[in-house]
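Below is the file target.pdb, which contains PDB, C-alpha atoms.
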ATOM      1  CA  THR C   1       0.000   0.000   0.000
ATOM      2  CA  ASP C   2       1.039   3.621  -0.483
ATOM      3  CA  ALA C   3      -0.051   4.867   2.923
ATOM      4  CA  GLU C   4       2.818   5.969   5.142
ATOM      5  CA  GLY C   5       3.111   3.750   8.171
ATOM      6  CA  ALA C   6       1.176   0.907   6.521
ATOM      7  CA  THR C   7       1.948  -2.498   7.977
ATOM      8  CA  LEU C   8       2.366  -5.847   6.255
ATOM      9  CA  ALA C   9      -1.087  -6.813   7.580
ATOM     10  CA  ASP C  10      -2.542  -3.670   5.935
ATOM     11  CA  ALA C  11      -0.841  -4.502   2.627
ATOM     12  CA  LEU C  12      -2.099  -8.104   2.706
ATOM     13  CA  GLU C  13      -5.652  -6.975   3.477
ATOM     14  CA  ASP C  14      -5.458  -4.534   0.568
ATOM     15  CA  LEU C  15      -4.150  -7.297  -1.710
ATOM     16  CA  ALA C  16      -6.932  -9.678  -0.677
ATOM     17  CA  ARG C  17      -9.603  -6.999  -1.137
ATOM     18  CA  THR C  18      -8.457  -5.612  -4.504
ATOM     19  CA  ARG C  19      -7.117  -8.735  -6.256
ATOM     20  CA  THR C  20      -9.883 -11.313  -6.010
ATOM     21  CA  ARG C  21      -9.211 -13.346  -9.161
ATOM     22  CA  ARG C  22      -7.507 -16.622  -8.231
ATOM     23  CA  GLY C  23      -3.810 -16.830  -8.975
ATOM     24  CA  LEU C  24      -0.295 -16.623  -7.623
ATOM     25  CA  ARG C  25       0.384 -14.018  -4.936
ATOM     26  CA  VAL C  26       4.016 -13.299  -4.081
ATOM     27  CA  VAL C  27       4.533 -11.538  -0.770
ATOM     28  CA  ILE C  28       7.974  -9.921  -0.564
ATOM     29  CA  SER C  29       8.863  -8.565   2.861
ATOM     30  CA  ASP C  30      11.522  -8.434   5.536
ATOM     31  CA  PHE C  31       8.799  -9.515   8.023
ATOM     32  CA  LEU C  32      10.519  -7.366  10.653
ATOM     33  CA  ASP C  33       7.176  -6.458  12.217
ATOM     34  CA  THR C  34       6.875 -10.071  13.412
ATOM     35  CA  PRO C  35       7.290 -10.235  17.190
ATOM     36  CA  PRO C  36       9.595 -13.008  18.476
ATOM     37  CA  GLU C  37       6.750 -14.415  20.590
ATOM     38  CA  ALA C  38       4.802 -15.279  17.404
ATOM     39  CA  VAL C  39       6.333 -18.763  17.368
ATOM     40  CA  SER C  40       3.011 -20.277  18.436
ATOM     41  CA  ALA C  41      -0.573 -20.091  17.250
ATOM     42  CA  GLU C  42      -1.538 -18.634  20.650
ATOM     43  CA  SER C  43       0.289 -15.397  19.814
ATOM     44  CA  PRO C  44       0.214 -15.140  16.004
ATOM     45  CA  ALA C  45       2.039 -12.542  13.933
ATOM     46  CA  PRO C  46      -0.127  -9.483  13.150
ATOM     47  CA  TRP C  47      -0.247 -10.422   9.454
ATOM     48  CA  GLU C  48      -0.785 -14.162   9.938
ATOM     49  CA  ARG C  49      -4.593 -14.337   9.854
ATOM     50  CA  THR C  50      -4.767 -12.342   6.615
ATOM     51  CA  LEU C  51      -2.004 -14.337   4.915
ATOM     52  CA  ARG C  52      -3.624 -17.643   5.925
ATOM     53  CA  SER C  53      -6.920 -16.423   4.486
ATOM     54  CA  LEU C  54      -5.195 -15.292   1.280
ATOM     55  CA  ALA C  55      -3.536 -18.716   0.972
ATOM     56  CA  THR C  56      -6.902 -20.496   1.070
ATOM     57  CA  ARG C  57      -7.965 -18.755  -2.138
ATOM     58  CA  HIS C  58      -4.646 -18.256  -3.932
ATOM     59  CA  GLN C  59      -1.281 -19.885  -4.405
ATOM     60  CA  VAL C  60       1.014 -17.815  -2.176
ATOM     61  CA  LEU C  61       4.791 -17.584  -2.054
ATOM     62  CA  ALA C  62       6.400 -15.706   0.840
ATOM     63  CA  VAL C  63       9.766 -14.191  -0.049
ATOM     64  CA  GLU C  64      11.670 -13.008   3.004
ATOM     65  CA  ILE C  65      14.430 -10.477   2.371
ATOM     66  CA  VAL C  66      17.166 -10.729   5.002
ATOM     67  CA  ASP C  67      19.979  -8.243   5.425
ATOM     68  CA  PRO C  68      22.750  -9.812   7.537
ATOM     69  CA  ARG C  69      23.347  -6.398   9.141
ATOM     70  CA  GLU C  70      19.942  -6.853  10.807
ATOM     71  CA  LEU C  71      21.015 -10.177  12.333
ATOM     72  CA  ASP C  72      24.197  -9.162  14.088
ATOM     73  CA  LEU C  73      25.672  -5.934  15.428
ATOM     74  CA  PRO C  74      29.291  -5.144  14.554
ATOM     75  CA  ASP C  75      31.974  -4.946  17.227
ATOM     76  CA  ILE C  76      32.582  -1.208  16.873
ATOM     77  CA  GLY C  77      31.982   0.189  20.370
ATOM     78  CA  LEU C  78      30.040   3.456  20.578
ATOM     79  CA  VAL C  79      27.497   4.186  17.822
ATOM     80  CA  THR C  80      24.815   6.787  17.224
ATOM     81  CA  MET C  81      21.464   5.192  16.434
ATOM     82  CA  GLN C  82      18.376   6.917  15.093
ATOM     83  CA  ASP C  83      14.756   5.867  15.549
ATOM     84  CA  PRO C  84      13.347   5.908  11.987
ATOM     85  CA  GLU C  85       9.853   6.823  13.214
ATOM     86  CA  SER C  86      10.600   9.619  15.678
ATOM     87  CA  GLY C  87      13.949  10.762  14.298
ATOM     88  CA  ARG C  88      15.421  10.789  17.824
ATOM     89  CA  THR C  89      19.053   9.785  18.138
ATOM     90  CA  ARG C  90      20.887   8.074  20.966
ATOM     91  CA  GLU C  91      24.463   6.995  21.622
ATOM     92  CA  VAL C  92      24.718   3.262  22.333
ATOM     93  CA  ARG C  93      27.779   1.255  23.357
ATOM     94  CA  LEU C  94      27.782  -2.090  21.552
ATOM     95  CA  THR C  95      29.076  -4.281  24.364
ATOM     96  CA  PRO C  96      29.590  -8.019  23.862
ATOM     97  CA  ARG C  97      26.505  -8.695  25.986
ATOM     98  CA  LEU C  98      24.330  -6.255  23.990
ATOM     99  CA  ARG C  99      25.575  -7.770  20.739
ATOM    100  CA  ARG C 100      24.833 -11.315  22.017
ATOM    101  CA  ASP C 101      21.335 -10.294  23.223
ATOM    102  CA  TYR C 102      20.624  -8.609  19.887
ATOM    103  CA  GLN C 103      21.761 -11.665  17.941
ATOM    104  CA  GLN C 104      19.566 -13.915  20.112
ATOM    105  CA  ALA C 105      16.541 -11.642  19.601
ATOM    106  CA  ALA C 106      17.159 -11.601  15.836
ATOM    107  CA  GLN C 107      17.308 -15.421  15.759
ATOM    108  CA  GLU C 108      14.073 -15.661  17.757
ATOM    109  CA  GLN C 109      12.385 -13.204  15.400
ATOM    110  CA  ARG C 110      13.487 -15.214  12.321
ATOM    111  CA  ALA C 111      12.189 -18.419  13.989
ATOM    112  CA  ALA C 112       8.852 -16.678  14.608
ATOM    113  CA  VAL C 113       8.624 -15.737  10.910
ATOM    114  CA  ARG C 114       9.346 -19.340   9.852
ATOM    115  CA  ALA C 115       6.760 -20.711  12.304
ATOM    116  CA  ALA C 116       4.077 -18.233  11.229
ATOM    117  CA  LEU C 117       4.619 -18.926   7.529
ATOM    118  CA  ARG C 118       4.528 -22.671   8.196
ATOM    119  CA  ARG C 119       1.169 -22.240   9.981
ATOM    120  CA  CYS C 120      -0.100 -20.268   6.977
ATOM    121  CA  GLY C 121       0.898 -23.133   4.677
ATOM    122  CA  THR C 122       2.897 -20.892   2.352
ATOM    123  CA  PRO C 123       6.198 -21.823   0.743
ATOM    124  CA  HIS C 124       8.963 -19.663   2.212
ATOM    125  CA  LEU C 125      11.925 -18.441   0.183
ATOM    126  CA  VAL C 126      14.678 -16.557   2.029
ATOM    127  CA  LEU C 127      16.786 -14.193  -0.050
ATOM    128  CA  ARG C 128      19.807 -12.568   1.578
ATOM    129  CA  THR C 129      21.207  -9.241   0.438
ATOM    130  CA  ASP C 130      24.763 -10.591   0.687
ATOM    131  CA  ARG C 131      24.205 -13.592  -1.592
ATOM    132  CA  ASP C 132      23.334 -14.320  -5.190
ATOM    133  CA  TRP C 133      19.534 -14.272  -5.125
ATOM    134  CA  ILE C 134      19.239 -15.988  -8.511
ATOM    135  CA  VAL C 135      21.137 -19.036  -7.223
ATOM    136  CA  ASP C 136      18.977 -19.096  -4.084
ATOM    137  CA  MET C 137      15.791 -18.892  -6.176
ATOM    138  CA  ALA C 138      16.977 -21.724  -8.429
ATOM    139  CA  ARG C 139      17.730 -23.915  -5.385
ATOM    140  CA  PHE C 140      14.293 -23.134  -3.979
ATOM    141  CA  VAL C 141      12.543 -24.114  -7.224
ATOM    142  CA  VAL C 142      14.510 -27.377  -7.443
ATOM    143  CA  GLU C 143      13.641 -28.228  -3.820
ATOM    144  CA  GLN C 144       9.961 -27.404  -4.402
ATOM    145  CA  ARG C 145       9.930 -29.742  -7.408
ATOM    146  CA  ARG C 146      11.605 -32.525  -5.420
ATOM    147  CA  THR C 147       9.081 -32.126  -2.617
ATOM    148  CA  ALA C 148       6.154 -32.135  -5.062
ATOM    149  CA  HIS C 149       7.554 -35.231  -6.794
ATOM    150  CA  ARG C 150       8.004 -37.063  -3.448
ATOM    151  CA  LEU C 151       4.477 -36.160  -2.401
ATOM    152  CA  SER C 152       2.978 -37.305  -5.702
ATOM    153  CA  ARG C 153       4.747 -40.690  -5.417
ATOM    154  CA  HIS C 154       3.388 -41.236  -1.895
ATOM    155  CA  THR C 155      -0.134 -39.986  -2.497
ATOM    156  CA  PRO C 156      -2.559 -42.900  -2.774
ATOM    157  CA  ALA C 157      -4.526 -43.196  -5.986
ATOM    158  CA  ILE C 158      -8.138 -42.057  -5.787
ATOM    159  CA  PRO C 159     -10.477 -45.016  -6.378
ATOM    160  CA  ARG C 160     -12.857 -44.590  -9.295
TER     161      ARG C 160
END
Written as structure tokens, that's how I'd like the structure from this file.
Amino acid sequence: TDAEGATLADALEDLARTRTRRGLRVVISDFLDTPPEAVSAESPAPWERTLRSLATRHQVLAVEIVDPRELDLPDIGLVTMQDPESGRTREVRLTPRLRRDYQQAAQEQRAAVRAALRRCGTPHLVLRTDRDWIVDMARFVVEQRRTAHRLSRHTPAIPR
């Protein structure tokens, strides 16, 4: 959506409302608005209900864009950080403990994204900004084909 401050849930609701003809829907996001506690169905991600609903009507592919700089803080000591929403700045010392806590929180957040997408039943492709995304897409397609082939071999024939 074009609205400033729109969330992923807002964008998915807009997609579901305006694009009703059945087809493939590709959701490309960093999913950073997913809280780490969304690893269970009891506390779902804010966008989960809408994506699950979208996936019942359409084929959906979730493409998660990951920047490794969002997964780990560098060992550089004192840094000035700015809140993108308020514009306020603050000096922060990147201690080993802060860096470890940040890395743990980032891992928990990524696990919450994986769990939520699994509950939605959508294939999940992770593309990293520091890697060749074409190679990663090709690997994903090959794996999807292998999985589909395995499933078709093990699916019992429907009696006529």
Exercise for review: Step by step, work through what the PyMOL selection byres ((chain C and resi 120-133) around 6) selects in the shown file, and finish by giving those residues as a ChimeraX atom specification.
Suggested key: /C:52,60-67,117-119,134-136
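Minimum atom-to-atom distance to Glu37 (chain C), evaluated using all atoms listed in the file, belongs to C:Val113 out of C:Val142, C:Thr147, C:Asp101, C:Val113.
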Point to revise | Between CA of Leu73 (chain C) and CA of Gln104 (chain C) - distance in Å to one decimal | key: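 Those two atoms sit 11.1 Å apart.
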Exercise for review: Name the residues, using the chain letters and numbers of the file, that sit within 7 Å of (-1.5, -10.3, 5.1) when counting all atoms listed in the file, and give them as a list of chain:residue names.
Suggested key: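 Every residue inside that radius is included here: C:Leu8, C:Ala9, C:Asp10, C:Ala11, C:Leu12, C:Glu13, C:Trp47, C:Glu48, C:Arg49, C:Thr50, C:Leu51.
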Report the centre and edge lengths, in Å to one decimal, of an axis-aligned box enclosing every atom of region 63-74 of chain C listed in the file, padded by 5 Å on each side, as lines of an AutoDock Vina configuration file.
center_x = 19.5
center_y = -9.7
center_z = 7.7
size_x = 29.5
size_y = 19.0
size_z = 25.5
Point to revise | Coordinates-based distance that separates CA of Pro74 (chain C) from CA of Pro96 (chain C) (Å, one decimal) | key: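 The value is 9.7 Å.
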Review point. Of the residues C:Ala45, C:His58, C:Ala6, C:Ala148, which is the one nearest to Val27 (chain C), using all atoms listed in the file?
Key: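 Closest to Val27 (chain C) of all the choices is C:His58.
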Check your understanding: Of the residues C:Leu94, C:Ala115, C:Ala38, C:Leu54, which is the one nearest to Arg21 (chain C), using all atoms listed in the file?
Key -> C:Leu54
Review point. Can you list, as number ranges by chain, every protein, DNA or RNA residue that comes within 9 Å of Arg57 (chain C) when you count only C-alpha atoms, leaving out same-chain residues fewer than 4 positions away?
Key: C: 20-23, 53
Point to revise | Selection result for the PyMOL selection byres ((chain C and resi 105) around 12) on this file, as a PyMOL selection string | key: chain C and resi 32+34-37+70-73+98-104+106-112
